[in-house]
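Accompanying notes for the structure given below.
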Amino acid sequence: LLPLINVIELWDKGTKGLIYAIEQQFNKDWYDTVSQPMQFILGRCFIESVNDASLDTNENMLRRIVKSAAAVIANQAKHIKGYKLHELRETEAANSPQRTRARDDAKAWRLMLEKHGAGWRMHYWQIPTEEGSIIEFSNVVKESDDTICE
C-alpha cells in the first residue's frame, strides 16, 4: 500500500503541515481504539531540532517521528515496547526525579525513535490542565543527549 501522506512534502510546509501529518497518522492508527487524541502543540525547538540534525530529508525518520507523535497523543506510546517510553530525569541516577518545568509543572518524557546509528530520541512535555493534559513536542536528539527545550 502507498502511504496516505507525503511526509517530506508536509514537513516542508512547516508547523501546519506537521500537525496535519500527526493528525492523519492518529486517524489511521488509533481512531478505531481511542475516542479522542490528546491536545498537542509543537514546541519552539521541535522542527528546528529535526532540521539541524539533517533529518528533514530522511523520509523513514520523518515517518517514525509522525507515527510516534500520533501514538503519544493517543496515549498509547507507553504500550509500544520499541519506544521504551520513560520519564526524562533530572540526572542519570535511578532515583532521580522526573524533570518538571517550573512555569507550568509539565513533566518531561523521552522515547526511542531509532535503536541503531545515532539512536535518535524524541523528547516531549506533558502539561497538566484541568481537562487532562496537553502534549508539547520539544525536540529530537541523539541517544547521548538528554537536553530538552523549554
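As shown in the C-alpha cells, the chain order sets the letters A, B, ...; within each chain, residues go from 1, and ligands are also counted from 1 in the order they appear.
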Stretch 40-121 of chain A near stretch 27-31 of chain A within 12 Å: what's each residue's closest atom pair and its distance in Å to one decimal, counting only C-alpha atoms, ordered by chain then ascending residue number, as a Markdown table?
```
| residue | atom | partner | partner_atom | distance |
| --- | --- | --- | --- | --- |
| A:Val66 | CA | A:Asp29 | CA | 11.2 |
| A:Lys67 | CA | A:Asp29 | CA | 8.4 |
| A:Ser68 | CA | A:Asp29 | CA | 10.5 |
| A:Ala69 | CA | A:Asp29 | CA | 11.2 |
| A:Ala70 | CA | A:Asp29 | CA | 7.8 |
| A:Ala71 | CA | A:Trp30 | CA | 7.6 |
| A:Val72 | CA | A:Trp30 | CA | 10.5 |
| A:Ile73 | CA | A:Trp30 | CA | 9.5 |
| A:Ala74 | CA | A:Trp30 | CA | 6.6 |
| A:Asn75 | CA | A:Trp30 | CA | 9.7 |
| A:Gln76 | CA | A:Trp30 | CA | 8.7 |
| A:Ala77 | CA | A:Trp30 | CA | 11.1 |
```
Write a file of the selected residues as a JSON list (two decimals), in the first residue's frame, keeping all heavy atoms.
```json
[["chain", "number", "residue", "atom", "x", "y", "z"],
["A", 66, "VAL", "N", 6.43, 11.14, 13.05],
["A", 66, "VAL", "CA", 4.98, 11.35, 12.94],
["A", 66, "VAL", "C", 4.22, 10.18, 13.59],
["A", 66, "VAL", "O", 3.27, 10.39, 14.34],
["A", 66, "VAL", "CB", 4.58, 11.53, 11.46],
["A", 66, "VAL", "CG1", 3.07, 11.45, 11.27],
["A", 66, "VAL", "CG2", 5.13, 12.86, 10.92],
["A", 67, "LYS", "N", 4.66, 8.96, 13.33],
["A", 67, "LYS", "CA", 3.99, 7.78, 13.88],
["A", 67, "LYS", "C", 4.09, 7.76, 15.41],
["A", 67, "LYS", "O", 3.10, 7.48, 16.11],
["A", 67, "LYS", "CB", 4.60, 6.51, 13.29],
["A", 67, "LYS", "CG", 3.82, 5.26, 13.58],
["A", 67, "LYS", "CD", 4.30, 4.11, 12.71],
["A", 67, "LYS", "CE", 3.48, 2.88, 12.86],
["A", 67, "LYS", "NZ", 2.10, 2.97, 12.40],
["A", 68, "SER", "N", 5.26, 8.07, 15.95],
["A", 68, "SER", "CA", 5.41, 8.07, 17.41],
["A", 68, "SER", "C", 4.63, 9.23, 18.03],
["A", 68, "SER", "O", 4.04, 9.06, 19.10],
["A", 68, "SER", "CB", 6.88, 8.11, 17.81],
["A", 68, "SER", "OG", 7.49, 9.31, 17.38],
["A", 69, "ALA", "N", 4.59, 10.38, 17.37],
["A", 69, "ALA", "CA", 3.81, 11.50, 17.90],
["A", 69, "ALA", "C", 2.33, 11.14, 17.95],
["A", 69, "ALA", "O", 1.64, 11.47, 18.92],
["A", 69, "ALA", "CB", 4.04, 12.75, 17.04],
["A", 70, "ALA", "N", 1.84, 10.44, 16.93],
["A", 70, "ALA", "CA", 0.44, 10.00, 16.92],
["A", 70, "ALA", "C", 0.17, 9.03, 18.08],
["A", 70, "ALA", "O", -0.87, 9.11, 18.73],
["A", 70, "ALA", "CB", 0.09, 9.36, 15.58],
["A", 71, "ALA", "N", 1.13, 8.15, 18.36],
["A", 71, "ALA", "CA", 0.97, 7.22, 19.48],
["A", 71, "ALA", "C", 0.96, 7.97, 20.81],
["A", 71, "ALA", "O", 0.22, 7.61, 21.73],
["A", 71, "ALA", "CB", 2.08, 6.17, 19.46],
["A", 72, "VAL", "N", 1.77, 9.02, 20.91],
["A", 72, "VAL", "CA", 1.80, 9.82, 22.14],
["A", 72, "VAL", "C", 0.46, 10.51, 22.36],
["A", 72, "VAL", "O", -0.09, 10.43, 23.46],
["A", 72, "VAL", "CB", 2.95, 10.86, 22.09],
["A", 72, "VAL", "CG1", 2.82, 11.88, 23.22],
["A", 72, "VAL", "CG2", 4.31, 10.16, 22.18],
["A", 73, "ILE", "N", -0.09, 11.15, 21.33],
["A", 73, "ILE", "CA", -1.36, 11.86, 21.53],
["A", 73, "ILE", "C", -2.54, 10.90, 21.70],
["A", 73, "ILE", "O", -3.59, 11.29, 22.19],
["A", 73, "ILE", "CB", -1.64, 12.92, 20.45],
["A", 73, "ILE", "CG1", -1.86, 12.28, 19.08],
["A", 73, "ILE", "CG2", -0.54, 13.97, 20.44],
["A", 73, "ILE", "CD1", -2.41, 13.24, 18.03],
["A", 74, "ALA", "N", -2.33, 9.65, 21.30],
["A", 74, "ALA", "CA", -3.35, 8.61, 21.56],
["A", 74, "ALA", "C", -3.19, 8.04, 22.96],
["A", 74, "ALA", "O", -3.97, 7.21, 23.39],
["A", 74, "ALA", "CB", -3.23, 7.50, 20.52],
["A", 75, "ASN", "N", -2.14, 8.47, 23.66],
["A", 75, "ASN", "CA", -1.80, 7.96, 24.99],
["A", 75, "ASN", "C", -1.53, 6.45, 24.94],
["A", 75, "ASN", "O", -1.87, 5.71, 25.85],
["A", 75, "ASN", "CB", -2.88, 8.29, 26.02],
["A", 75, "ASN", "CG", -2.37, 8.22, 27.45],
["A", 75, "ASN", "OD1", -1.16, 8.34, 27.69],
["A", 75, "ASN", "ND2", -3.26, 8.03, 28.40],
["A", 76, "GLN", "N", -0.89, 6.01, 23.84],
["A", 76, "GLN", "CA", -0.62, 4.60, 23.63],
["A", 76, "GLN", "C", 0.87, 4.30, 23.49],
["A", 76, "GLN", "O", 1.25, 3.13, 23.42],
["A", 76, "GLN", "CB", -1.36, 4.10, 22.38],
["A", 76, "GLN", "CG", -2.86, 4.19, 22.49],
["A", 76, "GLN", "CD", -3.41, 3.35, 23.64],
["A", 76, "GLN", "OE1", -3.11, 2.16, 23.75],
["A", 76, "GLN", "NE2", -4.20, 3.97, 24.50],
["A", 77, "ALA", "N", 1.73, 5.31, 23.45],
["A", 77, "ALA", "CA", 3.17, 5.08, 23.28],
["A", 77, "ALA", "C", 3.73, 4.20, 24.39],
["A", 77, "ALA", "O", 4.65, 3.42, 24.17],
["A", 77, "ALA", "CB", 3.92, 6.41, 23.21]]
```
Using backbone DSSP assignments, extract all strand (DSSP E or B) residues from chain A; output them as a VMD selection string. chain A and resid 39 to 42 86 to 87 89 98 100 to 101 106 to 112 121 to 129 132 to 141
With only C-alpha atoms as the atoms that count, which of A:Met38, A:Ala102, A:Leu55, A:Arg110 lies nearest to A:Glu131?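 Distance minimum relative to A:Glu131 lands on A:Met38.
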Using only C-alpha atoms, pick whichever of A:Val141, A:Met61, A:Ala106, A:Ile148 has the shortest atom-to-atom distance to A:Ser49.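 Nearest to A:Ser49: A:Val141.
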Neighbours of stretch 123-125 of chain A within 6 Å (only C-alpha atoms; same-chain residues fewer than 3 positions away dropped), as a VMD selection string? chain A and resid 106 to 110 135 to 139
Taking the DSSP assignment computed from this structure's backbone, write out as a count of residues only all residues of stretch 74-127 of chain A that belong to helix (DSSP H, G or I). 6
Could you check the closest approach to A:Ile80 for each of A:Asp146, A:Asp105, A:Leu111, A:Pro97 and tell me which residue wins, using only C-alpha atoms?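 That would be A:Leu111, the residue with the smallest distance to A:Ile80.
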